[in-house]
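Colleague: Coordinates in model.cif, mmCIF, C-alpha atoms and all ligand atoms, are listed below.
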```cif
data_work
loop_
_atom_site.label_atom_id
_atom_site.label_comp_id
_atom_site.auth_asym_id
_atom_site.auth_seq_id
_atom_site.Cartn_x
_atom_site.Cartn_y
_atom_site.Cartn_z
CA MET A 806 -1.21 -23.10 0.38
CA ASN A 807 -2.36 -26.66 0.37
CA GLN A 808 -4.51 -28.12 3.12
CA THR A 809 -1.63 -29.21 5.36
CA GLU A 810 0.14 -25.86 4.99
CA LEU A 811 -3.06 -24.00 5.82
CA ILE A 812 -3.67 -26.12 8.94
CA ASN A 813 -0.08 -25.56 10.06
CA TYR A 814 -0.52 -21.84 9.46
CA LEU A 815 -3.72 -21.87 11.54
CA ARG A 816 -2.00 -23.58 14.46
CA GLU A 817 0.85 -21.08 14.33
CA HIS A 818 -1.58 -18.15 14.04
CA PRO A 819 -4.55 -19.27 16.14
CA LEU A 820 -6.38 -15.93 16.17
CA VAL A 821 -8.97 -15.61 13.43
CA LEU A 822 -11.20 -12.65 12.55
CA ALA A 823 -14.87 -13.69 12.52
CA PRO A 824 -16.73 -12.82 9.33
CA MET A 825 -19.24 -10.03 9.99
CA ALA A 826 -21.51 -8.83 7.20
CA GLY A 827 -21.28 -5.09 6.65
CA ILE A 828 -18.22 -4.81 8.89
CA THR A 829 -15.35 -7.10 7.87
CA ASP A 830 -15.01 -5.57 4.43
CA ARG A 831 -11.76 -5.33 2.52
CA ALA A 832 -10.55 -2.28 4.45
CA PHE A 833 -11.35 -3.72 7.86
CA ARG A 834 -9.75 -7.07 7.11
CA SER A 835 -6.51 -5.35 6.07
CA PHE A 836 -6.65 -3.22 9.20
CA MET A 837 -7.12 -6.26 11.43
CA ARG A 838 -4.28 -8.14 9.73
CA GLU A 839 -2.10 -5.14 10.54
CA MET A 840 -3.41 -5.34 14.11
CA GLY A 841 -2.26 -8.90 14.71
CA CYS A 842 -5.03 -11.11 13.42
CA GLY A 843 -3.78 -14.30 11.73
CA ILE A 844 -6.50 -15.26 9.29
CA VAL A 845 -9.39 -13.35 7.73
CA VAL A 846 -12.54 -14.40 5.90
CA THR A 847 -14.92 -12.26 3.88
CA GLU A 848 -18.49 -11.82 4.98
CA LEU A 849 -21.00 -14.25 3.55
CA VAL A 850 -21.47 -14.01 -0.21
CA SER A 851 -24.50 -15.43 -1.98
CA ALA A 852 -23.57 -18.20 -4.43
CA THR A 853 -26.81 -17.54 -6.29
CA GLY A 854 -26.14 -13.80 -6.35
CA LEU A 855 -22.77 -14.51 -7.87
CA LYS A 856 -24.21 -16.89 -10.45
CA TYR A 857 -26.36 -14.01 -11.67
CA SER A 858 -23.26 -11.87 -11.61
CA SER A 859 -24.28 -9.08 -9.31
CA GLU A 860 -21.46 -6.54 -9.27
CA LYS A 861 -22.26 -5.78 -5.64
CA THR A 862 -21.72 -9.43 -4.75
CA LYS A 863 -18.36 -9.49 -6.52
CA LYS A 864 -17.25 -6.40 -4.63
CA LEU A 865 -17.75 -8.23 -1.33
CA MET A 866 -15.22 -10.82 -2.50
CA GLU A 867 -12.35 -8.44 -3.23
CA PHE A 868 -9.29 -8.66 -1.04
CA GLY A 869 -5.78 -7.22 -0.97
CA ALA A 870 -2.41 -8.97 -1.29
CA ASP A 871 -1.79 -8.08 2.37
CA GLN A 872 -4.63 -10.35 3.51
CA HIS A 873 -3.33 -13.82 2.69
CA PRO A 874 -4.32 -16.31 3.81
CA VAL A 875 -7.85 -15.12 3.11
CA GLY A 876 -11.02 -17.14 2.69
CA ILE A 877 -14.18 -16.18 0.83
CA GLN A 878 -17.35 -17.27 2.58
CA LEU A 879 -20.19 -18.61 0.47
CA PHE A 880 -23.78 -19.42 1.31
CA GLY A 881 -26.51 -20.96 -0.74
CA GLU A 882 -28.65 -24.04 -1.18
CA GLU A 883 -28.31 -24.70 -4.92
CA LEU A 884 -25.42 -27.09 -5.44
CA GLU A 885 -24.76 -25.89 -8.99
CA HIS A 886 -24.59 -22.28 -7.83
CA LEU A 887 -22.24 -23.23 -5.00
CA LYS A 888 -19.98 -25.06 -7.45
CA TYR A 889 -19.95 -22.10 -9.80
CA ALA A 890 -19.22 -19.68 -6.95
CA THR A 891 -16.43 -21.93 -5.70
CA GLN A 892 -14.73 -21.72 -9.07
CA VAL A 893 -14.99 -17.94 -8.97
CA VAL A 894 -13.35 -17.97 -5.52
CA GLU A 895 -10.51 -20.07 -6.88
CA ASP A 896 -10.09 -17.84 -9.95
CA MET A 897 -9.88 -14.78 -7.71
CA GLY A 898 -6.86 -16.24 -5.95
CA ALA A 899 -8.31 -16.68 -2.48
CA ASP A 900 -6.64 -19.24 -0.22
CA PHE A 901 -9.73 -21.15 0.86
CA VAL A 902 -13.48 -21.42 0.41
CA ASP A 903 -15.46 -21.07 3.63
CA LEU A 904 -19.04 -22.34 3.79
CA ASN A 905 -21.64 -20.60 5.91
CA PHE A 906 -23.74 -23.17 7.78
CA GLY A 907 -24.44 -20.76 10.62
CA CYS A 908 -26.56 -17.92 9.29
CA PRO A 909 -29.78 -17.75 11.36
CA VAL A 910 -31.47 -15.00 9.33
CA PRO A 911 -35.03 -16.01 8.25
CA LYS A 912 -34.57 -14.88 4.62
CA VAL A 913 -31.59 -17.25 4.31
CA VAL A 914 -32.86 -20.27 6.29
CA LYS A 915 -36.29 -20.17 4.61
CA LYS A 916 -34.58 -21.18 1.39
CA GLY A 917 -32.65 -23.98 3.08
CA ALA A 918 -29.29 -22.16 3.26
CA GLY A 919 -27.11 -21.06 6.21
CA SER A 920 -27.89 -22.85 9.48
CA ALA A 921 -30.89 -24.63 7.88
CA ILE A 922 -28.44 -27.03 6.22
CA LEU A 923 -27.60 -28.35 9.71
CA ARG A 924 -31.08 -29.91 9.90
CA ASP A 925 -30.25 -32.44 7.21
CA LEU A 926 -26.92 -34.27 7.47
CA ASN A 927 -27.39 -35.72 3.95
CA GLN A 928 -27.53 -32.19 2.63
CA VAL A 929 -24.44 -31.32 4.69
CA ALA A 930 -22.54 -34.10 2.92
CA LYS A 931 -23.93 -33.14 -0.50
CA VAL A 932 -22.85 -29.52 -0.14
CA PHE A 933 -19.35 -30.56 0.98
CA GLN A 934 -19.04 -32.99 -1.95
CA ALA A 935 -20.27 -30.45 -4.49
CA VAL A 936 -17.91 -27.73 -3.31
CA LYS A 937 -14.92 -30.07 -3.00
CA SER A 938 -15.56 -31.37 -6.52
CA ALA A 939 -15.33 -27.84 -7.89
CA THR A 940 -11.96 -26.83 -6.48
CA THR A 941 -8.49 -27.86 -5.41
CA LEU A 942 -8.52 -25.12 -2.76
CA PRO A 943 -8.94 -26.05 0.90
CA VAL A 944 -12.61 -25.89 1.97
CA THR A 945 -13.68 -24.90 5.48
CA VAL A 946 -17.06 -24.51 7.18
CA LYS A 947 -18.51 -22.32 9.91
CA VAL A 948 -21.47 -23.70 11.86
CA ARG A 949 -23.75 -23.01 14.77
CA THR A 950 -23.84 -25.74 17.45
CA GLY A 951 -27.07 -26.97 15.88
CA TRP A 952 -30.53 -25.90 14.81
CA ASP A 953 -31.87 -25.91 18.36
CA GLU A 954 -31.01 -27.21 21.81
CA LEU A 955 -32.46 -30.67 21.02
CA SER A 956 -30.57 -31.10 17.78
CA LYS A 957 -27.00 -30.01 18.49
CA ASN A 958 -24.90 -31.92 15.98
CA SER A 959 -21.49 -30.30 15.55
CA SER A 960 -19.71 -33.60 16.22
CA GLU A 961 -21.59 -35.32 13.42
CA VAL A 962 -20.96 -32.38 11.10
CA ALA A 963 -17.24 -32.43 11.98
CA HIS A 964 -17.02 -36.14 11.13
CA ILE A 965 -18.80 -35.65 7.80
CA ALA A 966 -16.55 -32.68 7.05
CA TYR A 967 -13.51 -34.81 7.79
CA GLU A 968 -14.75 -37.65 5.57
CA GLU A 969 -15.33 -35.20 2.74
CA GLY A 970 -11.86 -33.72 3.04
CA LEU A 971 -12.60 -30.33 4.57
CA THR A 972 -9.80 -28.44 6.30
CA TRP A 973 -11.38 -27.11 9.49
CA MET A 974 -14.68 -26.27 11.13
CA ALA A 975 -15.40 -23.07 13.06
CA ILE A 976 -18.18 -23.28 15.66
CA HIS A 977 -20.15 -20.31 16.94
CA GLY A 978 -21.22 -21.76 20.30
CA ARG A 979 -24.94 -21.03 19.99
CA THR A 980 -27.81 -22.81 18.31
CA ARG A 981 -29.72 -21.21 15.50
CA ALA A 982 -32.73 -20.97 17.82
CA ALA A 983 -30.70 -19.02 20.39
CA GLY A 984 -29.89 -16.26 17.90
CA TYR A 985 -27.54 -14.04 19.88
CA SER A 986 -29.13 -14.59 23.29
CA GLY A 987 -27.48 -16.29 26.26
CA ARG A 988 -23.78 -17.12 26.21
CA ALA A 989 -21.76 -19.16 23.72
CA ASP A 990 -21.49 -22.75 24.97
CA TRP A 991 -17.74 -23.34 25.23
CA ASP A 992 -18.21 -26.62 27.11
CA TYR A 993 -19.98 -27.97 24.06
CA ILE A 994 -17.26 -26.60 21.76
CA ALA A 995 -14.62 -28.33 23.93
CA GLN A 996 -16.53 -31.62 23.73
CA VAL A 997 -16.76 -31.39 19.96
CA LYS A 998 -13.05 -30.60 19.72
CA LYS A 999 -12.19 -33.56 21.93
CA HIS A 1000 -13.78 -36.01 19.51
CA SER A 1001 -13.14 -34.21 16.24
CA PRO A 1002 -10.76 -35.62 13.66
CA LEU A 1003 -10.83 -32.15 12.07
CA PRO A 1004 -9.20 -28.95 13.40
CA ILE A 1005 -11.76 -26.87 15.28
CA ILE A 1006 -11.95 -23.09 15.68
CA GLY A 1007 -14.00 -21.99 18.70
CA ASN A 1008 -16.06 -18.81 18.53
CA GLY A 1009 -18.38 -16.76 20.66
CA ASP A 1010 -18.30 -13.93 23.22
CA ILE A 1011 -14.54 -13.45 23.44
CA ALA A 1012 -14.30 -9.89 24.75
CA THR A 1013 -10.70 -9.67 25.98
CA ALA A 1014 -7.27 -10.98 25.02
CA ALA A 1015 -7.07 -12.91 28.29
CA GLN A 1016 -10.36 -14.63 27.44
CA ALA A 1017 -9.06 -15.50 23.97
CA VAL A 1018 -6.03 -17.22 25.43
CA SER A 1019 -7.96 -18.97 28.17
CA ARG A 1020 -10.61 -20.23 25.68
CA LEU A 1021 -7.83 -21.50 23.45
CA GLU A 1022 -6.23 -23.38 26.32
CA THR A 1023 -9.28 -24.74 28.09
CA SER A 1024 -11.28 -25.75 25.01
CA GLY A 1025 -8.32 -27.43 23.33
CA CYS A 1026 -9.37 -25.78 20.08
CA ASP A 1027 -6.82 -25.32 17.34
CA ALA A 1028 -7.69 -21.61 17.12
CA VAL A 1029 -10.22 -19.07 18.32
CA MET A 1030 -12.27 -16.66 16.26
CA ILE A 1031 -13.08 -13.16 17.46
CA GLY A 1032 -15.85 -10.97 16.08
CA ARG A 1033 -17.52 -8.29 18.18
CA GLY A 1034 -14.60 -8.22 20.64
CA CYS A 1035 -12.36 -6.49 18.11
CA LEU A 1036 -14.99 -3.83 17.41
CA LYS A 1037 -14.57 -2.40 20.89
CA ASN A 1038 -10.91 -3.24 21.38
CA PRO A 1039 -8.79 -2.85 18.23
CA TRP A 1040 -5.72 -4.27 20.05
CA ILE A 1041 -7.32 -7.54 21.10
CA PHE A 1042 -5.41 -9.63 18.52
CA LEU A 1043 -2.05 -8.00 19.26
CA GLN A 1044 -2.62 -8.38 23.00
CA ALA A 1045 -3.65 -12.03 22.67
CA LYS A 1046 -0.66 -12.75 20.42
CA ASN A 1047 1.61 -11.28 23.07
CA LEU A 1048 0.02 -13.39 25.81
CA ILE A 1049 0.37 -16.55 23.71
CA ARG A 1050 4.06 -15.79 23.28
CA GLY A 1051 4.38 -15.31 27.03
CA GLN A 1052 5.28 -11.64 26.66
CA THR A 1053 4.19 -9.64 29.65
CA SER A 1054 4.80 -6.15 28.28
CA GLU A 1055 1.61 -4.19 27.56
CA ILE A 1056 0.77 -3.21 24.00
CA GLU A 1057 0.76 0.57 23.70
CA ARG A 1058 -2.84 1.65 23.23
CA ASP A 1059 -2.77 4.74 21.06
CA PHE A 1060 -6.22 5.50 19.70
CA LEU A 1061 -5.02 8.28 17.44
CA ASP A 1062 -2.64 5.88 15.72
CA VAL A 1063 -5.49 3.38 15.37
CA PHE A 1064 -7.78 5.95 13.76
CA ASN A 1065 -5.01 6.99 11.36
CA ARG A 1066 -4.48 3.39 10.27
CA LEU A 1067 -8.19 2.74 9.99
CA GLU A 1068 -8.74 5.89 7.95
CA ALA A 1069 -5.91 4.95 5.58
CA HIS A 1070 -7.48 1.55 4.88
CA VAL A 1071 -11.05 2.82 4.63
CA SER A 1072 -10.21 5.76 2.38
CA ALA A 1073 -8.21 3.54 0.03
CA HIS A 1074 -11.46 1.82 -0.99
CA ASN A 1075 -14.28 4.26 -0.28
CA PRO A 1076 -15.49 7.78 -1.16
CA GLU A 1077 -15.17 10.45 1.54
CA ARG A 1078 -18.85 10.22 2.47
CA LEU A 1079 -18.40 6.58 3.45
CA VAL A 1080 -15.11 7.25 5.20
CA LEU A 1081 -16.98 9.68 7.43
CA LEU A 1082 -19.70 7.12 8.18
CA GLN A 1083 -17.24 4.32 8.87
CA LEU A 1084 -15.05 6.38 11.18
CA LYS A 1085 -18.11 7.58 13.09
CA LYS A 1086 -19.18 3.97 13.59
CA PHE A 1087 -15.80 2.95 14.94
CA ALA A 1088 -15.51 6.06 17.12
CA ALA A 1089 -18.82 5.07 18.73
CA TRP A 1090 -17.71 1.45 19.26
CA TYR A 1091 -14.22 2.29 20.52
CA SER A 1092 -15.61 4.78 23.04
CA ALA A 1093 -17.48 1.98 24.87
CA GLY A 1094 -16.62 1.91 28.54
CA TYR A 1095 -14.82 5.28 28.61
CA PRO A 1096 -16.11 8.32 30.51
CA ASN A 1097 -18.57 10.48 28.53
CA ALA A 1098 -18.93 7.90 25.75
CA SER A 1099 -22.66 8.58 25.44
CA HIS A 1100 -21.99 12.29 24.98
CA LEU A 1101 -19.47 11.53 22.24
CA ARG A 1102 -22.00 9.29 20.48
CA LYS A 1103 -24.58 12.07 20.51
CA THR A 1104 -22.16 14.57 19.00
CA LEU A 1105 -21.20 12.05 16.29
CA PHE A 1106 -24.78 12.18 14.95
CA THR A 1107 -24.43 15.83 14.12
CA THR A 1108 -20.89 15.68 12.75
CA GLN A 1109 -21.01 16.55 9.05
CA THR A 1110 -17.44 16.63 7.79
CA LEU A 1111 -14.28 14.58 8.09
CA PRO A 1112 -12.15 17.39 9.58
CA GLU A 1113 -14.87 18.01 12.19
CA LEU A 1114 -14.98 14.30 13.01
CA LYS A 1115 -11.21 14.10 13.35
CA GLN A 1116 -11.29 17.00 15.80
CA ARG A 1117 -13.93 15.20 17.89
CA ILE A 1118 -11.85 12.04 17.84
CA LEU A 1119 -8.79 13.99 18.93
CA ASP A 1120 -10.71 15.71 21.74
CA PHE A 1121 -12.24 12.50 23.06
CA PHE A 1122 -9.57 9.85 22.52
CA GLY A 1123 -6.45 12.04 22.77
CA PRO A 1124 -6.60 12.55 26.56
CA LEU A 1125 -7.54 8.93 27.35
CA GLY A 1126 -3.92 7.80 27.44
CA ALA A 1127 -3.65 4.33 28.95
CA LEU A 1128 -6.95 4.65 30.83
CA THR A 1129 -8.64 1.25 31.07
CA PRO A 1130 -12.25 1.19 29.87
CA GLN A 1131 -15.03 -0.20 32.03
CA ASP A 1132 -16.10 -3.73 31.15
CA THR A 1133 -19.13 -3.45 28.85
CA SER A 1134 -19.17 -7.08 27.74
CA ASN A 1135 -22.49 -7.71 29.49
CA GLU A 1136 -24.24 -4.96 27.56
CA PRO A 1137 -26.13 -6.08 24.43
CA PHE A 1138 -23.96 -5.36 21.39
CA LEU A 1139 -24.77 -6.23 17.76
CA MET A 1140 -27.19 -8.99 18.67
CA GLY A 1141 -27.87 -9.98 15.10
CA GLY A 1142 -25.69 -11.25 12.33
CA HIS A 1143 -25.29 -13.79 9.58
CA GLY A 1144 -23.65 -16.58 11.53
C1 LIG B 1201 -23.02 -7.82 12.49
C2 LIG B 1201 -22.66 -9.27 12.36
C3 LIG B 1201 -22.56 -9.85 11.10
C4 LIG B 1201 -22.20 -11.20 10.97
N1 LIG B 1201 -22.04 -11.73 9.72
C5 LIG B 1201 -21.59 -13.01 9.58
C6 LIG B 1201 -21.28 -13.56 8.29
O1 LIG B 1201 -21.38 -12.90 7.26
N2 LIG B 1201 -20.88 -14.86 8.24
C7 LIG B 1201 -20.74 -15.63 9.38
O2 LIG B 1201 -20.36 -16.80 9.28
N3 LIG B 1201 -20.99 -15.12 10.60
C8 LIG B 1201 -21.40 -13.85 10.73
N4 LIG B 1201 -21.60 -13.32 11.98
C9 LIG B 1201 -21.33 -14.15 13.17
C10 LIG B 1201 -19.90 -13.94 13.68
O3 LIG B 1201 -18.97 -14.41 12.72
C11 LIG B 1201 -19.69 -14.68 15.01
O4 LIG B 1201 -19.95 -16.04 14.80
C12 LIG B 1201 -20.59 -14.17 16.12
O5 LIG B 1201 -20.65 -12.76 16.13
C13 LIG B 1201 -20.12 -14.66 17.50
O6 LIG B 1201 -18.79 -14.28 17.73
P1 LIG B 1201 -18.40 -12.98 18.62
O7 LIG B 1201 -19.12 -13.11 19.92
O8 LIG B 1201 -16.92 -13.05 18.73
O9 LIG B 1201 -18.89 -11.78 17.87
C14 LIG B 1201 -21.97 -11.98 12.12
C15 LIG B 1201 -22.09 -11.40 13.38
C16 LIG B 1201 -22.42 -10.05 13.52
C17 LIG B 1201 -22.50 -9.46 14.90
#
```
Represent the structure contained in this file as structure tokens.
Modeller:
Amino acid sequence: MNQTELINYLREHPLVLAPMAGITDRAFRSFMREMGCGIVVTELVSATGLKYSSEKTKKLMEFGADQHPVGIQLFGEELEHLKYATQVVEDMGADFVDLNFGCPVPKVVKKGAGSAILRDLNQVAKVFQAVKSATTLPVTVKVRTGWDELSKNSSEVAHIAYEEGLTWMAIHGRTRAAGYSGRADWDYIAQVKKHSPLPIIGNGDIATAAQAVSRLETSGCDAVMIGRGCLKNPWIFLQAKNLIRGQTSEIERDFLDVFNRLEAHVSAHNPERLVLLQLKKFAAWYSAGYPNASHLRKTLFTTQTLPELKQRILDFFGPLGALTPQDTSNEPFLMGGHG
């Protein structure tokens, strides 16, 4: 897909899975594509790690044919490493290169990578130029609103990105200084979108399909990106897609079907020990807001085998039917991440 085709695709499929390190791996991205998400991106991958050819780094970049269009997200501060990594992304057959300018983690920003790049607009331009010079693939970027409240600069970054030929910019509506506290600033995102020559993807705190659609409409963004929201509600993309199409019929929420699909994807790429761990993690997240969720979570700790886990899943989720969970979006949930 060239740049124009990718932008058209984004506008037709305006629901994007947020990259989440340790979560949006190959299996999960395939699962979410199956569950209605339009575009997926890998978690952040170190350009320097790749330069020194760490096998573990390469594994993070693998994707399946079912995931297109798929982006590989790179981070780093060394321009030569970023250029090298960009070529690897192109050779692997990904559809776009996504740059991480949002990671707030001290280990990353100390070196001048992730959100630290936002402090120096010259460096922003240099990174864009370096990466663009290394590939014919579309290049995208994901930012925070700025380093801190006094230096919010997404509009400037969007203009530089446009000048340098990038394809879109995703904005997580918090500053680096805010970490994961407070709420994502969608008014700011809407302002940036209003003046941006570049397509904008808004991101932050979308917990329901209705919120996804309302954020899309009120912010004017070209698309919205959902991260933690799909870890509690696996149907959020399908539900939002339905709402966008004006369909009023409810999506059937069948947890047992969801676990079967998830298990199929996870076990295609992982040994049984990891399948057990992954399914436990999702069982804990999906139980949020349902009666006796805390009891289920306790029993998950002591569950040793896959058949035992499946029985627990059946016992807990089987009888839920179409029961609506309580809203848990105000409870702290995964308040740390790489973007
Ligand atoms: C566990 C976790 C890991 C994350 N890893 C990444 C990452 O690798 N790259 C990135 O750009 N953002 C990363 N993020 C940030 C998310 O992409 C997203 O911007 C943030 O979670 C806000 O969106 P949400 O409220 O929909 O989750 C991560 C977030 C979490 C919670």
Colleague: Using all atoms listed in the file, what residues lie at most 12 Å away from (-8.7, 9.8, 24.1) (file coordinates), given as a ChimeraX atom specification?
Modeller: /A:1058-1064,1088,1091-1093,1095-1098,1101,1115-1130
Colleague: For chain A versus ligand LIG 1201 (chain B), which residues have an atom no more than 6 Å away, and what is each residue's nearest atom pair and distance in Å rounded to one decimal, using only C-alpha atoms and all ligand atoms, chain-then-number order, as JSON lines?
Modeller:
```
{"residue": "A:Ala823", "atom": "CA", "partner": "B:LIG1201", "partner_atom": "O3", "distance": 4.2}
{"residue": "A:Pro824", "atom": "CA", "partner": "B:LIG1201", "partner_atom": "O3", "distance": 4.4}
{"residue": "A:Met825", "atom": "CA", "partner": "B:LIG1201", "partner_atom": "N1", "distance": 3.3}
{"residue": "A:Ala826", "atom": "CA", "partner": "B:LIG1201", "partner_atom": "N1", "distance": 3.9}
{"residue": "A:Glu848", "atom": "CA", "partner": "B:LIG1201", "partner_atom": "O1", "distance": 3.8}
{"residue": "A:Leu849", "atom": "CA", "partner": "B:LIG1201", "partner_atom": "O1", "distance": 4.0}
{"residue": "A:Asn905", "atom": "CA", "partner": "B:LIG1201", "partner_atom": "O2", "distance": 5.2}
{"residue": "A:Gly907", "atom": "CA", "partner": "B:LIG1201", "partner_atom": "O2", "distance": 5.8}
{"residue": "A:Lys947", "atom": "CA", "partner": "B:LIG1201", "partner_atom": "O2", "distance": 5.9}
{"residue": "A:His977", "atom": "CA", "partner": "B:LIG1201", "partner_atom": "O4", "distance": 4.8}
{"residue": "A:Asn1008", "atom": "CA", "partner": "B:LIG1201", "partner_atom": "O6", "distance": 5.3}
{"residue": "A:Gly1009", "atom": "CA", "partner": "B:LIG1201", "partner_atom": "O7", "distance": 3.8}
{"residue": "A:Asp1010", "atom": "CA", "partner": "B:LIG1201", "partner_atom": "O7", "distance": 3.5}
{"residue": "A:Ile1011", "atom": "CA", "partner": "B:LIG1201", "partner_atom": "O8", "distance": 5.3}
{"residue": "A:Ile1031", "atom": "CA", "partner": "B:LIG1201", "partner_atom": "O8", "distance": 4.0}
{"residue": "A:Gly1032", "atom": "CA", "partner": "B:LIG1201", "partner_atom": "O8", "distance": 3.5}
{"residue": "A:Arg1033", "atom": "CA", "partner": "B:LIG1201", "partner_atom": "O9", "distance": 3.8}
{"residue": "A:Gly1034", "atom": "CA", "partner": "B:LIG1201", "partner_atom": "O8", "distance": 5.7}
{"residue": "A:Leu1139", "atom": "CA", "partner": "B:LIG1201", "partner_atom": "C17", "distance": 4.9}
{"residue": "A:Gly1141", "atom": "CA", "partner": "B:LIG1201", "partner_atom": "C17", "distance": 5.4}
{"residue": "A:Gly1142", "atom": "CA", "partner": "B:LIG1201", "partner_atom": "C2", "distance": 3.6}
{"residue": "A:His1143", "atom": "CA", "partner": "B:LIG1201", "partner_atom": "C5", "distance": 3.8}
{"residue": "A:Gly1144", "atom": "CA", "partner": "B:LIG1201", "partner_atom": "N3", "distance": 3.2}
```
Colleague: As number ranges by chain, please: the residues near Ala966 (chain A) (cut-off 12 Å, all atoms listed in the file, same-chain neighbours under 4 positions excluded).
Modeller: A: 904, 906, 926-934, 936-937, 943-948, 959-962, 970-975, 1001-1005
Colleague: Residues near region 1070-1085 of chain A, anyone? I mean within 6 Å using all atoms listed in the file, not counting same-chain ones fewer than 2 positions away, as a PDB file with C-alpha atoms, in the frame of the given file.
Modeller:
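See around-v9.pdb below for the written result:
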```pdb
ATOM      1  CA  ALA A 832     -10.550  -2.280   4.450  1.00  0.00           C
ATOM      2  CA  LEU A1067      -8.190   2.740   9.990  1.00  0.00           C
ATOM      3  CA  GLU A1068      -8.740   5.890   7.950  1.00  0.00           C
ATOM      4  CA  PHE A1087     -15.800   2.950  14.940  1.00  0.00           C
ATOM      5  CA  ALA A1088     -15.510   6.060  17.120  1.00  0.00           C
ATOM      6  CA  LEU A1111     -14.280  14.580   8.090  1.00  0.00           C
TER       7      LEU A1111
END
```
Colleague: Any chance you could tabulate, as JSON lines, the residues of region 896-923 of chain A at most 12 Å from region 850-856 of chain A with each one's nearest atom pair and distance in Å to one decimal, using all atoms listed in the file, in chain and rising number order?
Modeller:
```
{"residue": "A:Val902", "atom": "CA", "partner": "A:Val850", "partner_atom": "CA", "distance": 10.9}
{"residue": "A:Asp903", "atom": "CA", "partner": "A:Val850", "partner_atom": "CA", "distance": 10.0}
{"residue": "A:Leu904", "atom": "CA", "partner": "A:Val850", "partner_atom": "CA", "distance": 9.6}
{"residue": "A:Asn905", "atom": "CA", "partner": "A:Val850", "partner_atom": "CA", "distance": 9.0}
{"residue": "A:Cys908", "atom": "CA", "partner": "A:Val850", "partner_atom": "CA", "distance": 11.5}
{"residue": "A:Val913", "atom": "CA", "partner": "A:Ser851", "partner_atom": "CA", "distance": 9.7}
{"residue": "A:Lys916", "atom": "CA", "partner": "A:Thr853", "partner_atom": "CA", "distance": 11.5}
{"residue": "A:Ala918", "atom": "CA", "partner": "A:Ser851", "partner_atom": "CA", "distance": 9.8}
{"residue": "A:Gly919", "atom": "CA", "partner": "A:Ser851", "partner_atom": "CA", "distance": 10.3}
```
Colleague: Please provide the set of residues having any atom within 12 Å of Asn1047 (chain A), restricted to all atoms listed in the file, with same-chain residues fewer than 2 positions apart removed, written as a VMD selection string.
Modeller: chain A and resid 818 820 840 to 842 1014 to 1015 1017 to 1018 1040 to 1045 1049 to 1057
Colleague: Report the distance between CA of Ser835 (chain A) and CA of Gly869 (chain A) in Å, rounded to one decimal place.
Modeller: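 If I compute the distance from CA of Ser835 (chain A) to CA of Gly869 (chain A), I get 7.3 Å.
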Colleague: One number please: CA of Gly978 (chain A) to CA of Gly1007 (chain A), in Å, one decimal.
Modeller: 7.4 Å
